[in-house]
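Visitor: I'd like to ask some things about the structure below.
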Amino acid sequence: MVKARKNGPGLRPASWLSFLLLLALALLTVFPLYWMFVLATHTRETIFTAPPPFMFGTALERNYEGLLATLPFWRNVWNSVYVASLATITTLFFCSLAGFGFALYEFRGRNVLFGFLIASLTFPQLLNIIPYYLIIDFLGWLDTPRALWFPGMASAFGIFLMRQYIASTISRDLVDAARMDGATEFRIYWSVALPLVRPALATLALLTFIGQWNNFLGPLVILRSRETYTLPLALRSLQGLINTDWGVVILGTALAVVPLLILFFFASRQVIEGLTAGAVKG
Amino acid sequence: MTTSTREANAKAEAVTAVKPDRKFRWYRWQRRFAPYIFVSPFFILFAVFGLFPTLFSIYLSFQAWNPVQGLGSMEWVGIENYQFLLTDPWFWKSLRNTIWLALASGIPQHLLAIPLAFVLVSVVHRSLRHPLTAAYFLPYITSTVAVAIVFNTIFGTQFGVLNWAINGLAEWPLTSWMFSGIRDQMPINWLGRAPYIKPAIAILVSWKYFGFNVVLYSAGLATIPRDYYEAAMMDGATALQRFRHITLPLLRPMMFFAITLTIIGNLQLFDEPFILTNRTGGPSESGLTLAMYLYRTGFEWLDMGTAAAMSWVLFLVIGTSTILHFFISGRRGLERRE
């Protein structure tokens with residue numbers, strides 16, 4: 001199982017011990033998520049016992065009924081799916097298109113424009129929250145999902161990611177060849193470039209979906225009614241209640257996390273590489 | 001323009017010469033303007049939703065304005081908003097909280113992540129490396145609101161898992177010495193008493209983000225040439241010496257980068273304290289961060305002018321910290337890359 005790599009920095013005598021420590025830390029890290037699923041099957045009464053419950057209980061059905069009674073839960077799920085999906089589809093299109101433009105064309109002002117785009121990445125998100133709210137209010141988009149996906153659909157980060165990938169996978173000769181066949185520029189993007197950059201598209205899709213699914217501050221300032229709430233807001237709205245029914249709240253929380261866990265289970269490498277791409281390749 | 005594109009042009013012209021003039025002109029036009037059209041959505045959206053509003057918020061920070069009363073109620077107050085902040089005890093408190101939290105949740109993350117990544121890369125077999133990394137990384141992708149709600153129960157006073165674990169460790173002979181000081185304070189009311197709120201937030205933040213840093217440092221370690229270690233081993237350097245004299249210096253560029261990200265992120269801490277303190281900031285506002293105070297000023301007390309001013313102060317704080325960090329460690333760290 002464990003063996004010191006022959007040429008590595010090498011800590012042979014301590015190998016087993018350090019591996020066990022790493023394993024213990026991994027279990028400790030995952031524990032809160034495991035515990036979340038345990039609590040989702042318990043009632044308030046069995047959650048608040050000493051020692052706390054570590055095994056699954058029997059109140060899953062009861063909690064589910066309680067969840068449907070306190071929240072328009074599936075409506076909130078739909079809102080989250082809707083916003084995250086639209087954000088993902090539009091981001092994929094506009095970011096790959098702009099990435100294609102920056103990677104494969106020489107045009108006047110290109111470097112200035114790209115530099116501007118990179119500079120916009122360094123702006124702290126919070127600086128924008130008040131003006132963002134004002135412009136949404138001005139457009140009359142408060143309490144609508146489009147306020148959440150529309151402004152960010154050509155994100156600087158996504159364009160950067162796509163540009164880097166396109167520049168390293170597609171040659172200008174290929175583009176020229178397509179041009180010789182009389183293809184329009186958009187046609188070259190759509191039929192030649194897009195199929196070749198699928199891996200980067202998948203990564204960007206995962207990142208956008210996860211980001212929108214978890215987004216809290218944006219919906220918090222934009223959405224006003226229980227019917228338009230996305231999942232994080234809906235869960236948060238349960239918190240203020242007196243005598244919070246924790247079994248119910250945690251079940252909702254667990255259900256909100258499940259889609260991400262499934263995504264992560266199947267694409268953990270891609271998610272991890274994508275989320276740290278700016279840092280590692282930067 | 002390359003020769004092949006010129007050929008393509010020539011061919012396109014040859015092909016379209018026989019066809020109607022209109023189609024030819026369209027082809028020429030789209031050749032010329034395609035790149036501009038392709039990159040324009042970002043710039044249009046950024047102008048409308050980013051640049052213009054941000055510039056407007058500079059203007060707004062010199063106004064007194066309640067958005068409910070419409071644009072007409074805006075009133076020029078000069079630097080009053082900024083003056084108010086400098087004399088506002090809540091502002092200073094939230095600034096102190098923010099810096100305290102940035103340090104207390106930032107430093108442990110890196111102190112844990114660097115040795116962890118080192119062991120992960122040097123000791124653990126390749127096939128086990130990814131599952132472990134994925135486990136550490138998992139909290140990073142889960143919704144902050146969701147995990148903060150779960151941590152609400154973990155931090156419970158009477159029946160929370162954390163207090164239960166501390167009690168257990170305090171009674172266990174092997175570890176009891178470590179907990180002798182805490183023992184008489186049990187059970188700790190993590191979220192209900194002022195001195196414990198910030199540590200509670202810091203625990204959640206460290207848990208959520210240390211895995212991200214483990215990945216960064218693993219990638220950084222992978223770039224260090226093996227020969228260095230081999231040479232050091234030939235000279236009889238111990239593992240600790242190798243870590244201290246080879247790994248740490250060569251990891252500095254990545255450390256600089258990772259710490260910069262932590263500074264920028266931690267100074268904007270919002271979701272975690274918001275949920276853990278049920279949006280109030282907790283008793284005597286000891287969990288109120290600048291970002292939360294900004295939100296409450298703008299969206300609860302509807303004082304947009306002051307909130308805008310606060311966002312610029314926050315921007316200044318982030319900028320200063322990043323530059324400070326650059327001068328303290330970055331310059332030297334980045335030079336070593338050569």
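Chain lettering (A, B, ...) mirrors the order of the structure tokens, residue numbering begins at 1 for each chain separately, and ligand numbering begins at 1 in order of display.
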Report as a tab-separated table the residues of stretch 81-149 of chain A within 9 Å of stretch 41-60 of chain B, each with its shortest atom pair and distance in Å (one decimal), using only C-alpha atoms, ordered by chain and increasing residue number.
Guide:
```
residue	atom	partner	partner_atom	distance
A:Phe94	CA	B:Pro41	CA	7.0
A:Cys95	CA	B:Phe42	CA	8.2
A:Ala98	CA	B:Phe42	CA	7.7
A:Leu113	CA	B:Phe43	CA	8.7
A:Leu117	CA	B:Phe43	CA	8.3
A:Ser120	CA	B:Phe46	CA	8.7
A:Leu127	CA	B:Thr54	CA	7.5
A:Asn128	CA	B:Thr54	CA	6.1
A:Ile130	CA	B:Ser57	CA	7.4
A:Pro131	CA	B:Pro53	CA	4.6
A:Tyr132	CA	B:Phe49	CA	6.3
A:Leu134	CA	B:Pro53	CA	7.7
A:Ile135	CA	B:Pro53	CA	6.8
A:Ile136	CA	B:Phe49	CA	8.5
```
Visitor: Take the residues from that selection and write them out as a PDB file, in the first residue's frame, keeping C-alpha atoms.
Guide:
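Final output, selection33.pdb:
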```
ATOM      1  CA  PHE A  94     -19.574  33.404 -24.865  1.00  0.00           C
ATOM      2  CA  CYS A  95     -16.317  32.422 -23.148  1.00  0.00           C
ATOM      3  CA  ALA A  98     -14.125  35.204 -26.976  1.00  0.00           C
ATOM      4  CA  LEU A 113      -8.175  44.410 -24.628  1.00  0.00           C
ATOM      5  CA  LEU A 117      -9.715  41.599 -19.256  1.00  0.00           C
ATOM      6  CA  SER A 120     -10.705  43.039 -14.364  1.00  0.00           C
ATOM      7  CA  LEU A 127     -16.457  46.169  -4.509  1.00  0.00           C
ATOM      8  CA  ASN A 128     -19.076  45.481  -7.122  1.00  0.00           C
ATOM      9  CA  ILE A 130     -23.604  47.795  -4.320  1.00  0.00           C
ATOM     10  CA  PRO A 131     -23.327  48.956  -7.962  1.00  0.00           C
ATOM     11  CA  TYR A 132     -24.456  45.523  -9.151  1.00  0.00           C
ATOM     12  CA  LEU A 134     -28.237  49.343  -8.307  1.00  0.00           C
ATOM     13  CA  ILE A 135     -27.968  48.432 -11.965  1.00  0.00           C
ATOM     14  CA  ILE A 136     -30.222  45.407 -11.487  1.00  0.00           C
TER      15      ILE A 136
END
```
Visitor: Need the shell around A:Val271: protein/DNA/RNA residues with any atom at most 9 Å away, counting only C-alpha atoms. Skip same-chain ones fewer than 2 positions apart. Format as an MDAnalysis selection string?
Guide: (chainID A and resid 203:204 206:207 263:264 267:269 273:276) or (chainID B and resid 141)
Visitor: Could you pull the residues within 10 Å of stretch 313-329 of chain B, counting only C-alpha atoms, minus those fewer than 4 positions along the same chain, as an MDAnalysis selection string?
Guide: (chainID A and resid 123:127) or (chainID B and resid 82 85 95 99 252:253 255:257 259:261 263:268 290:291 294 307:309 333:334)
Visitor: Show me, as number ranges by chain, the residues that have an atom within 9 Å of A:Val77 when counting only C-alpha atoms, minus same-chain residues fewer than 4 positions from it.
Guide: A: 72-73, 81-82, 229-231, 256
Visitor: Write out the residues from the selection above, keeping N, CA and C atoms, as a compact mmCIF listing (two decimals), in the first residue's frame.
Guide:
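Result written to again20.txt:
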```txt
# COMPACT_ATOMS: atom_id res chain seq x y z
N PRO A 72 -41.14 25.76 -0.25
CA PRO A 72 -41.48 25.24 -1.58
C PRO A 72 -40.22 24.57 -2.14
N PHE A 73 -39.81 23.45 -1.51
CA PHE A 73 -38.46 22.93 -1.70
C PHE A 73 -38.12 22.62 -3.15
N VAL A 81 -31.40 24.88 -10.29
CA VAL A 81 -31.04 24.17 -11.52
C VAL A 81 -31.13 25.12 -12.71
N TYR A 82 -32.21 25.89 -12.74
CA TYR A 82 -32.46 26.81 -13.84
C TYR A 82 -31.34 27.85 -13.96
N TYR A 229 -36.42 32.04 -4.52
CA TYR A 229 -35.19 31.68 -3.81
C TYR A 229 -34.47 30.51 -4.48
N THR A 230 -33.15 30.62 -4.54
CA THR A 230 -32.36 29.45 -4.88
C THR A 230 -32.07 28.69 -3.58
N LEU A 231 -31.48 27.51 -3.68
CA LEU A 231 -31.35 26.65 -2.50
C LEU A 231 -30.62 27.30 -1.32
N ALA A 256 -29.29 19.60 -0.91
CA ALA A 256 -28.69 20.65 -1.73
C ALA A 256 -27.25 20.32 -2.07
```
Visitor: I'd like to know which residues of stretch 26-110 of chain B are alpha helix (DSSP H) (by DSSP, run on the backbone); could you write them as a ChimeraX atom specification?
Guide: /B:26-46,52-60,80-87,89-110
Visitor: Work out how far apart atom CA of A:Pro53 and atom CA of B:Leu169 are and give it in Å to one decimal.
Guide: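 A separation of 18.1 Å between them.
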Visitor: Measuring atom to atom with only C-alpha atoms, identify which of A:Thr43, A:Thr244, A:Asn215, A:Ser225 is nearest to chain B.
Guide: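 Among the listed residues, the smallest separation from chain B belongs to A:Asn215.
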Visitor: Would you return as a list in words the members of stretch 46-161 of chain B that DSSP assigns to strand (DSSP E) on this structure's backbone?
Guide: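 Going through stretch 46-161 of chain B, the strand (DSSP E) residues come out as Gln63, Ala64, Glu75 and Trp76 of chain B.
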Visitor: Any idea what the distance is between atom CA of A:Leu148 and atom CA of A:Glu227?
Guide: 15.2 Å
Visitor: Do a neighbour search on B:Trp92 at 12 Å with only C-alpha atoms, toss out local chain neighbours closer than 4 positions, and write the hits as a PyMOL selection string.
Guide: chain B and resi 84-88+96-99+285-286+288-290+293+310+313-314
Visitor: Please write the residues from the selection above to a file, keeping C-alpha atoms, as a PDB file, in the first residue's frame.
Guide:
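Generated file (part27.pdb):
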```
ATOM      1  CA  PHE B  84     -18.267  58.858   9.536  1.00  0.00           C
ATOM      2  CA  LEU B  85     -16.511  55.524   8.988  1.00  0.00           C
ATOM      3  CA  LEU B  86     -13.304  56.733  10.592  1.00  0.00           C
ATOM      4  CA  THR B  87     -15.177  57.662  13.764  1.00  0.00           C
ATOM      5  CA  ASP B  88     -17.618  54.754  13.720  1.00  0.00           C
ATOM      6  CA  ARG B  96     -10.360  44.373  13.651  1.00  0.00           C
ATOM      7  CA  ASN B  97     -12.572  41.290  13.416  1.00  0.00           C
ATOM      8  CA  THR B  98     -11.798  40.942   9.722  1.00  0.00           C
ATOM      9  CA  ILE B  99      -8.040  41.172  10.217  1.00  0.00           C
ATOM     10  CA  GLU B 285     -20.706  42.112  17.056  1.00  0.00           C
ATOM     11  CA  SER B 286     -17.636  40.015  17.689  1.00  0.00           C
ATOM     12  CA  LEU B 288     -19.106  41.033  12.324  1.00  0.00           C
ATOM     13  CA  THR B 289     -16.757  41.290   9.341  1.00  0.00           C
ATOM     14  CA  LEU B 290     -16.317  44.313   7.072  1.00  0.00           C
ATOM     15  CA  TYR B 293     -21.137  45.371   7.919  1.00  0.00           C
ATOM     16  CA  MET B 310     -17.146  51.207   2.888  1.00  0.00           C
ATOM     17  CA  VAL B 313     -12.248  51.378   2.130  1.00  0.00           C
ATOM     18  CA  LEU B 314     -12.387  47.592   1.929  1.00  0.00           C
TER      19      LEU B 314
END
```
Visitor: Excluding same-chain residues fewer than 4 positions from A:Ala87, what lies within 7 Å of it counting only C-alpha atoms, as an NGL selection string?
Guide: :A and (83 or 91 or 149 or 153)
Visitor: Store the residues picked out above, limited to C-alpha atoms, as a short mmCIF file (atom, residue, chain, number, x, y, z; two decimals), in the first residue's frame.
Guide:
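Written output follows (out-v6.cif):
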```cif
data_model
loop_
_atom_site.label_atom_id
_atom_site.label_comp_id
_atom_site.auth_asym_id
_atom_site.auth_seq_id
_atom_site.Cartn_x
_atom_site.Cartn_y
_atom_site.Cartn_z
CA VAL A 83 -30.01 29.56 -12.88
CA THR A 91 -20.87 30.99 -20.21
CA TRP A 149 -26.95 34.50 -14.81
CA MET A 153 -22.21 35.02 -18.83
#
```
